[in-house]
$ cat upload19.txt   # compact mmCIF, C-alpha atoms
# COMPACT_ATOMS: atom_id res chain seq x y z
CA MET A 356 67.42 -178.09 154.09
CA GLN A 357 66.07 -179.87 151.02
CA ASP A 358 68.68 -182.62 151.38
CA ALA A 359 67.69 -183.16 155.01
CA TRP A 360 64.02 -183.38 154.02
CA VAL A 361 64.80 -185.94 151.30
CA TRP A 362 66.93 -187.96 153.73
CA LEU A 363 64.13 -187.95 156.31
CA ILE A 364 61.43 -188.98 153.83
CA LEU A 365 63.55 -191.79 152.39
CA SER A 366 64.38 -193.01 155.91
CA LEU A 367 60.71 -192.98 156.90
CA ASP A 368 59.84 -194.75 153.65
CA ALA A 369 62.28 -197.53 154.52
CA THR A 370 60.92 -197.55 158.08
CA LEU A 371 57.44 -198.47 156.85
CA ARG A 372 58.80 -201.37 154.82
CA VAL A 373 61.08 -202.71 157.54
CA SER A 374 58.47 -202.43 160.31
CA THR A 375 55.76 -204.29 158.37
CA PRO A 376 56.73 -207.87 159.38
CA LEU A 377 57.24 -206.66 162.96
CA ILE A 378 53.71 -205.26 163.05
CA PHE A 379 52.22 -208.52 161.76
CA ALA A 380 54.19 -210.61 164.25
CA ALA A 381 53.60 -208.30 167.23
CA LEU A 382 49.84 -208.29 166.58
CA ALA A 383 50.02 -212.09 166.37
CA GLY A 384 51.65 -212.16 169.79
CA LEU A 385 49.04 -209.71 171.07
CA PHE A 386 46.11 -212.01 170.28
CA SER A 387 47.88 -215.10 171.56
CA GLU A 388 49.12 -213.62 174.82
CA ARG A 389 45.90 -211.73 175.51
CA SER A 390 44.26 -215.17 175.59
CA GLY A 391 46.84 -216.45 178.06
CA ILE A 392 49.17 -218.32 175.68
CA VAL A 393 52.83 -217.24 175.64
CA ASP A 394 54.04 -217.08 172.03
CA ILE A 395 57.81 -217.45 171.90
CA GLY A 396 57.28 -219.24 168.58
CA LEU A 397 56.59 -216.10 166.51
CA GLU A 398 59.97 -216.49 164.86
CA GLY A 399 59.33 -220.08 163.84
CA LYS A 400 55.87 -219.41 162.43
CA MET A 401 57.21 -216.49 160.39
CA LEU A 402 59.99 -218.72 159.06
CA VAL A 403 57.72 -221.55 157.90
CA GLY A 404 55.38 -218.96 156.41
CA ALA A 405 58.23 -217.42 154.43
CA PHE A 406 59.41 -220.82 153.21
CA ALA A 407 55.91 -221.93 152.17
CA ALA A 408 55.20 -218.61 150.42
CA ALA A 409 58.43 -218.66 148.40
CA THR A 410 58.21 -222.36 147.60
CA VAL A 411 54.62 -222.34 146.36
CA ALA A 412 55.03 -219.04 144.49
CA SER A 413 58.13 -220.43 142.78
CA VAL A 414 56.46 -223.68 141.75
CA SER A 415 52.99 -222.37 140.90
CA GLY A 416 53.88 -218.89 139.69
CA SER A 417 51.10 -217.41 141.84
CA VAL A 418 52.01 -215.00 144.64
CA TRP A 419 48.48 -215.29 146.08
CA LEU A 420 48.70 -219.08 146.28
CA GLY A 421 52.05 -218.59 148.00
CA LEU A 422 50.40 -216.28 150.54
CA LEU A 423 47.64 -218.81 151.15
CA MET A 424 50.12 -221.61 151.78
CA ALA A 425 52.15 -219.35 154.07
CA ILE A 426 49.02 -218.88 156.19
CA VAL A 427 48.24 -222.61 156.12
CA ALA A 428 51.77 -223.55 157.20
CA SER A 429 51.90 -220.93 159.93
CA VAL A 430 48.46 -221.86 161.28
CA GLY A 431 49.54 -225.51 161.29
CA PHE A 432 52.49 -224.67 163.55
CA ALA A 433 50.21 -222.47 165.67
CA LEU A 434 47.82 -225.39 166.16
CA LEU A 435 50.76 -227.60 167.09
CA HIS A 436 51.67 -225.05 169.75
CA GLY A 437 48.05 -224.93 170.88
CA PHE A 438 47.82 -228.73 171.02
CA ALA A 439 50.86 -228.88 173.29
CA CYS A 440 49.88 -225.95 175.53
CA ILE A 441 46.08 -225.94 175.58
CA THR A 442 45.06 -229.57 175.17
CA HIS A 443 47.98 -231.15 177.00
CA ARG A 444 48.80 -228.17 179.25
CA GLY A 445 52.50 -228.26 178.40
CA ASN A 446 55.05 -225.59 179.21
CA GLN A 447 54.31 -222.76 176.81
CA VAL A 448 57.84 -221.37 176.67
CA VAL A 449 59.34 -224.79 175.96
CA SER A 450 56.74 -225.41 173.25
CA GLY A 451 57.52 -222.05 171.63
CA VAL A 452 61.25 -222.74 171.63
CA ALA A 453 60.57 -226.16 170.10
CA ILE A 454 58.49 -224.50 167.37
CA ASN A 455 61.42 -222.21 166.54
CA ILE A 456 63.94 -225.06 166.43
CA LEU A 457 61.63 -227.24 164.33
CA ALA A 458 60.95 -224.43 161.86
CA SER A 459 64.63 -223.54 161.51
CA GLY A 460 65.66 -227.12 160.84
CA LEU A 461 62.68 -228.18 158.72
CA THR A 462 62.91 -225.27 156.27
CA VAL A 463 66.60 -225.93 155.65
CA VAL A 464 66.14 -229.70 155.20
CA LEU A 465 63.21 -229.28 152.81
CA GLY A 466 64.98 -226.50 150.94
CA LEU A 467 68.06 -228.68 150.43
CA ALA A 468 65.97 -231.69 149.39
CA TRP A 469 63.76 -229.82 146.94
CA PHE A 470 65.94 -227.08 145.44
CA HIS A 471 69.59 -228.01 146.18
CA GLN A 472 70.52 -224.36 146.76
CA GLY A 473 71.89 -224.46 150.29
CA GLY A 474 68.45 -224.31 151.90
CA SER A 475 67.23 -221.38 149.78
CA THR A 476 64.45 -221.35 147.21
CA PRO A 477 64.89 -220.19 143.60
CA ALA A 478 64.75 -216.45 142.98
CA LEU A 479 61.25 -215.14 142.32
CA SER A 480 60.24 -213.02 139.35
CA ASN A 481 58.11 -209.89 139.71
CA ASP A 482 55.02 -211.91 138.78
CA GLN A 483 55.70 -214.15 141.79
CA ARG A 484 56.13 -211.28 144.25
CA PHE A 485 54.04 -208.53 145.81
CA THR A 486 55.11 -205.42 143.94
CA ALA A 487 54.66 -201.71 144.63
CA ILE A 488 51.28 -200.02 144.25
CA ASN A 489 51.37 -196.44 143.03
CA LEU A 490 48.58 -194.33 144.49
CA PRO A 491 46.62 -191.99 142.18
CA PHE A 492 48.55 -188.94 140.92
CA ALA A 493 51.74 -189.99 142.73
CA GLN A 494 53.91 -189.32 139.68
CA GLN A 495 52.17 -186.05 138.85
CA VAL A 496 52.73 -184.48 142.27
CA ALA A 497 56.23 -185.87 142.82
CA ASP A 498 57.91 -182.61 141.77
CA ILE A 499 55.90 -180.40 144.15
CA PRO A 500 58.32 -179.22 146.88
CA GLY A 501 57.79 -180.86 150.25
CA LEU A 502 54.37 -182.49 150.05
CA GLY A 503 54.98 -184.02 146.64
CA LEU A 504 57.84 -186.13 147.95
CA LEU A 505 55.81 -187.00 151.05
CA TYR A 506 52.96 -188.40 148.95
CA SER A 507 54.90 -190.02 146.11
CA GLU A 508 57.67 -191.60 148.20
CA LEU A 509 56.31 -192.09 151.73
CA LEU A 510 52.62 -192.84 151.17
CA SER A 511 52.74 -194.31 147.67
CA GLY A 512 54.87 -197.09 146.23
CA HIS A 513 54.39 -199.82 148.83
CA ASN A 514 53.02 -203.29 148.25
CA ILE A 515 49.61 -204.39 149.47
CA LEU A 516 50.94 -206.18 152.58
CA VAL A 517 52.44 -202.93 153.91
CA TYR A 518 49.06 -201.20 153.71
CA LEU A 519 47.38 -204.27 155.22
CA ALA A 520 49.74 -204.32 158.21
CA PHE A 521 48.96 -200.73 159.11
CA ALA A 522 45.23 -201.24 158.54
CA LEU A 523 45.26 -204.21 160.93
CA VAL A 524 46.31 -202.04 163.88
CA PRO A 525 42.99 -200.14 164.22
CA LEU A 526 41.13 -203.32 163.26
CA SER A 527 42.86 -205.25 166.07
CA TRP A 528 42.03 -202.46 168.52
CA TRP A 529 38.38 -202.60 167.46
CA VAL A 530 38.23 -206.40 167.74
CA LEU A 531 39.86 -206.48 171.17
CA TYR A 532 38.02 -203.55 172.75
CA ARG A 533 34.74 -203.19 170.88
CA THR A 534 33.53 -206.73 170.17
CA ARG A 535 32.17 -209.56 172.30
CA PHE A 536 34.92 -211.84 171.05
CA GLY A 537 37.58 -209.34 172.13
CA LEU A 538 36.02 -208.95 175.56
CA ARG A 539 35.99 -212.71 176.05
CA LEU A 540 39.52 -213.04 174.73
CA ARG A 541 40.86 -210.49 177.19
CA ALA A 542 38.86 -212.07 179.99
CA VAL A 543 40.26 -215.54 179.34
CA GLY A 544 43.77 -214.11 179.61
CA GLU A 545 42.96 -212.48 182.94
CA ASN A 546 40.59 -214.91 184.66
CA PRO A 547 39.86 -218.12 182.72
CA LYS A 548 37.91 -219.58 185.64
CA ALA A 549 35.35 -216.78 185.43
CA VAL A 550 35.01 -217.32 181.69
CA ASP A 551 34.51 -221.05 182.21
CA THR A 552 31.92 -220.39 184.92
CA ALA A 553 30.00 -218.27 182.42
CA GLY A 554 29.72 -221.34 180.17
CA ILE A 555 32.29 -220.21 177.59
CA SER A 556 34.97 -222.63 176.40
CA VAL A 557 38.40 -221.49 177.55
CA ALA A 558 40.12 -223.94 175.22
CA GLY A 559 38.00 -222.82 172.28
CA LEU A 560 38.86 -219.16 172.78
CA ARG A 561 42.54 -219.90 173.17
CA TYR A 562 42.60 -222.06 170.05
CA ARG A 563 40.97 -219.26 168.07
CA ALA A 564 43.55 -216.82 169.41
CA VAL A 565 46.53 -218.97 168.39
CA MET A 566 44.97 -219.51 164.96
CA ILE A 567 44.67 -215.73 164.49
CA ALA A 568 48.32 -215.50 165.53
CA GLY A 569 49.15 -218.11 162.91
CA VAL A 570 47.38 -216.17 160.17
CA LEU A 571 49.22 -212.97 161.05
CA CYS A 572 52.60 -214.73 161.19
CA GLY A 573 51.79 -216.20 157.76
CA PHE A 574 51.36 -212.66 156.43
CA ALA A 575 54.68 -211.68 158.02
CA GLY A 576 56.50 -214.64 156.49
CA ALA A 577 55.01 -214.08 153.04
CA TYR A 578 56.05 -210.44 153.22
CA LEU A 579 59.65 -211.35 154.04
CA ALA A 580 60.03 -213.86 151.20
CA ASN A 581 57.70 -212.54 148.49
CA ALA A 582 57.80 -208.77 148.99
CA GLN A 583 60.80 -207.50 150.94
CA ASN A 584 63.00 -210.15 149.33
CA ALA A 585 62.71 -212.24 146.17
CA GLN A 586 63.30 -215.71 147.63
CA PHE A 587 63.53 -217.65 150.86
CA ILE A 588 66.94 -217.69 152.53
CA ARG A 589 67.70 -219.94 155.48
CA ASP A 590 66.94 -218.29 158.83
CA MET A 591 65.92 -215.11 157.00
CA THR A 592 63.77 -213.89 159.90
CA ALA A 593 67.05 -213.05 161.71
CA GLY A 594 65.47 -212.58 165.12
CA GLN A 595 62.55 -210.43 163.96
CA GLY A 596 60.11 -212.64 165.85
CA PHE A 597 61.92 -211.81 169.08
CA MET A 598 62.02 -208.13 168.14
CA ALA A 599 58.24 -208.28 167.67
CA LEU A 600 57.94 -209.91 171.09
CA ALA A 601 60.01 -207.10 172.58
CA ALA A 602 57.75 -204.55 170.86
CA LEU A 603 54.73 -206.34 172.35
CA ILE A 604 56.16 -206.13 175.86
CA PHE A 605 57.31 -202.54 175.34
CA ALA A 606 53.77 -201.65 174.22
CA LYS A 607 52.33 -203.43 177.27
CA TRP A 608 50.06 -205.63 175.15
CA ARG A 609 48.14 -202.76 173.49
CA PRO A 610 47.63 -202.34 169.71
CA TRP A 611 48.45 -198.66 169.14
CA PRO A 612 51.64 -198.65 171.24
CA ILE A 613 52.64 -201.81 169.33
CA LEU A 614 52.54 -199.79 166.12
CA PHE A 615 54.81 -197.08 167.53
CA ALA A 616 57.22 -199.65 169.01
CA CYS A 617 57.52 -201.45 165.67
CA LEU A 618 58.04 -198.15 163.87
CA LEU A 619 60.84 -197.36 166.33
CA PHE A 620 62.56 -200.67 165.55
CA GLY A 621 62.01 -200.10 161.85
CA PHE A 622 63.40 -196.57 162.00
CA LEU A 623 66.56 -197.77 163.76
CA ASP A 624 67.02 -200.46 161.13
CA ALA A 625 66.41 -198.01 158.28
CA VAL A 626 68.80 -195.44 159.71
CA ALA A 627 71.40 -198.17 160.25
CA VAL A 628 71.35 -198.97 156.55
CA ARG A 629 71.53 -195.33 155.46
CA LEU A 630 74.37 -194.46 157.86
CA GLN A 631 76.70 -197.22 156.71
CA GLY A 632 79.87 -195.62 155.38
CA VAL A 633 78.70 -192.09 156.33
CA SER A 634 81.03 -189.83 158.31
CA LEU A 635 79.16 -187.85 160.99
CA PRO A 636 80.40 -184.42 162.16
CA GLY A 637 82.38 -184.71 165.39
CA ILE A 638 82.07 -188.51 165.38
CA GLY A 639 83.66 -189.64 162.16
CA LEU A 640 82.90 -192.89 160.40
CA VAL A 641 80.43 -194.89 162.48
CA PRO A 642 81.31 -198.61 162.65
CA VAL A 643 78.98 -200.62 160.42
CA GLN A 644 78.75 -203.40 163.00
CA LEU A 645 77.54 -201.00 165.68
CA ILE A 646 74.87 -199.55 163.42
CA GLU A 647 73.60 -202.98 162.37
CA ALA A 648 73.43 -204.05 166.01
CA LEU A 649 71.27 -201.09 167.14
CA PRO A 650 67.84 -202.75 166.69
CA TYR A 651 69.02 -205.88 168.48
CA LEU A 652 70.61 -203.89 171.31
CA LEU A 653 67.31 -202.08 171.81
CA THR A 654 65.53 -205.45 171.87
CA VAL A 655 67.80 -206.66 174.67
CA ILE A 656 67.32 -203.39 176.59
CA LEU A 657 63.53 -203.60 176.33
CA LEU A 658 63.38 -207.28 177.26
CA ALA A 659 65.65 -206.62 180.24
CA GLY A 660 62.94 -204.42 181.70
CA PHE A 661 64.45 -200.96 181.28
CA ILE A 662 61.16 -199.53 180.00
CA GLY A 663 59.38 -199.72 183.32
CA ARG A 664 57.11 -202.36 184.68
CA ALA A 665 55.02 -204.14 182.03
CA ASN A 666 52.23 -206.21 183.53
CA PRO A 667 51.18 -209.07 181.23
CA PRO A 668 47.71 -210.66 181.35
CA LYS A 669 47.40 -212.37 184.73
CA ALA A 670 46.80 -215.86 183.37
CA VAL A 671 49.42 -215.78 180.61
CA GLY A 672 51.59 -218.87 180.65
CA LEU A 673 49.31 -220.71 183.06
CA PRO A 674 47.50 -223.80 181.77
CA TYR A 675 43.83 -223.92 182.69
CA VAL A 676 42.52 -227.05 184.37
CA LYS A 677 38.76 -227.28 184.27
CA GLU A 678 37.30 -228.01 187.66
CA ARG A 679 35.17 -231.11 187.99

$ encode --input "upload19.txt" --output "structure tokens"
Amino acid sequence: MQDAWVWLILSLDATLRVSTPLIFAALAGLFSERSGIVDIGLEGKMLVGAFAAATVASVSGSVWLGLLMAIVASVGFALLHGFACITHRGNQVVSGVAINILASGLTVVLGLAWFHQGGSTPALSNDQRFTAINLPFAQQVADIPGLGLLYSELLSGHNILVYLAFALVPLSWWVLYRTRFGLRLRAVGENPKAVDTAGISVAGLRYRAVMIAGVLCGFAGAYLANAQNAQFIRDMTAGQGFMALAALIFAKWRPWPILFACLLFGFLDAVAVRLQGVSLPGIGLVPVQLIEALPYLLTVILLAGFIGRANPPKAVGLPYVKER
């Protein structure tokens, strides 16, 4: 019984860490798509954020400066997406795909040119990374049966970006559903003509939404390179932007369900790691490849529409042309 409890707590602990970048990216997609802008480019913005964070932290020695540059780089790509889709009314899906391709290629080219390590950045020291924060009395209560392990392992010992990601979920709910800005943002994703008629700039709201998405993707990228890992590795996002997009659709563009969807993805990923090489009763040794593929298989299932009908904002993907 004790072994099962320890296994569960350690799996949930890993779940929180793995789901953190998904939460950041899914919330980024939430703000963007609630305003009517399809954000296929979550993956690309996370990637440039990770590269900028690792590069600047490596050169400057400051993890906070790395985080700042991750946000700047990600917002820059978000504004590029906004310029194509909002100002010039381009195809939003094509623009997002272009963002992903540009980010994938640019990070490798710059990494090769600057560091000559196959597109990766130098390894970061602990001073250049976000390290674990131990909550008060975590060590003292660790030996208490049951609750001690829950507090010391599950709640304590995460870095600041993990706590920030989970704090942003209720904050995003409050912004979207309890503020004037959130009301206008949701309205512009449903009926931009009505918003324009009320004298509110549709383009201005959408630009602010994609900038918020850029900031959140910057957090996600910095977490991947400077917290979960200790350097940037080429294409290190490994499809997590698309997993976040699947979580967004699965949650039907709502903040709290987004949290649970990301935790589900994170739990599958955490369990996949812990089950590698383990023989299960009645099943035997589970193939490592199958376990590693579980989160991606679930992504495909969700995106294929097996979770029921998910109705996006009515104006998402549609460029708004102001009437003369």

$ closest_atom_pairs --input "upload19.txt" --of "region 511-563 of chain A" --to "region 438-449 of chain A" --cutoff "10 Å" --atoms "all atoms listed in the file" --output "JSON lines"
{"residue": "A:Val557", "atom": "CA", "partner": "A:Ile441", "partner_atom": "CA", "distance": 9.1}
{"residue": "A:Ala558", "atom": "CA", "partner": "A:Ile441", "partner_atom": "CA", "distance": 6.3}
{"residue": "A:Gly559", "atom": "CA", "partner": "A:Ile441", "partner_atom": "CA", "distance": 9.3}
{"residue": "A:Arg561", "atom": "CA", "partner": "A:Ile441", "partner_atom": "CA", "distance": 7.4}
{"residue": "A:Tyr562", "atom": "CA", "partner": "A:Ile441", "partner_atom": "CA", "distance": 7.6}

$ residues_around --input "upload19.txt" --residues "Ile555 (chain A)" --least-positions-apart "2" --cutoff "12 Å" --atoms "all atoms listed in the file" --output "count of residues only"
19

$ closest_residue --input "upload19.txt" --among "A:Ala383, A:Met598, A:Val418, A:Ala433" --to "Cys617 (chain A)" --atoms "all atoms listed in the file"
A:Met598

$ closest_residue --input "upload19.txt" --among "A:Pro674, A:Gly544, A:Gly384, A:Pro376" --to "Ala601 (chain A)" --atoms "all atoms listed in the file"
A:Gly384

$ atom_distance --input "upload19.txt" --atom1 "CA of Thr375 (chain A)" --atom2 "CA of Trp362 (chain A)"
20.3 Å
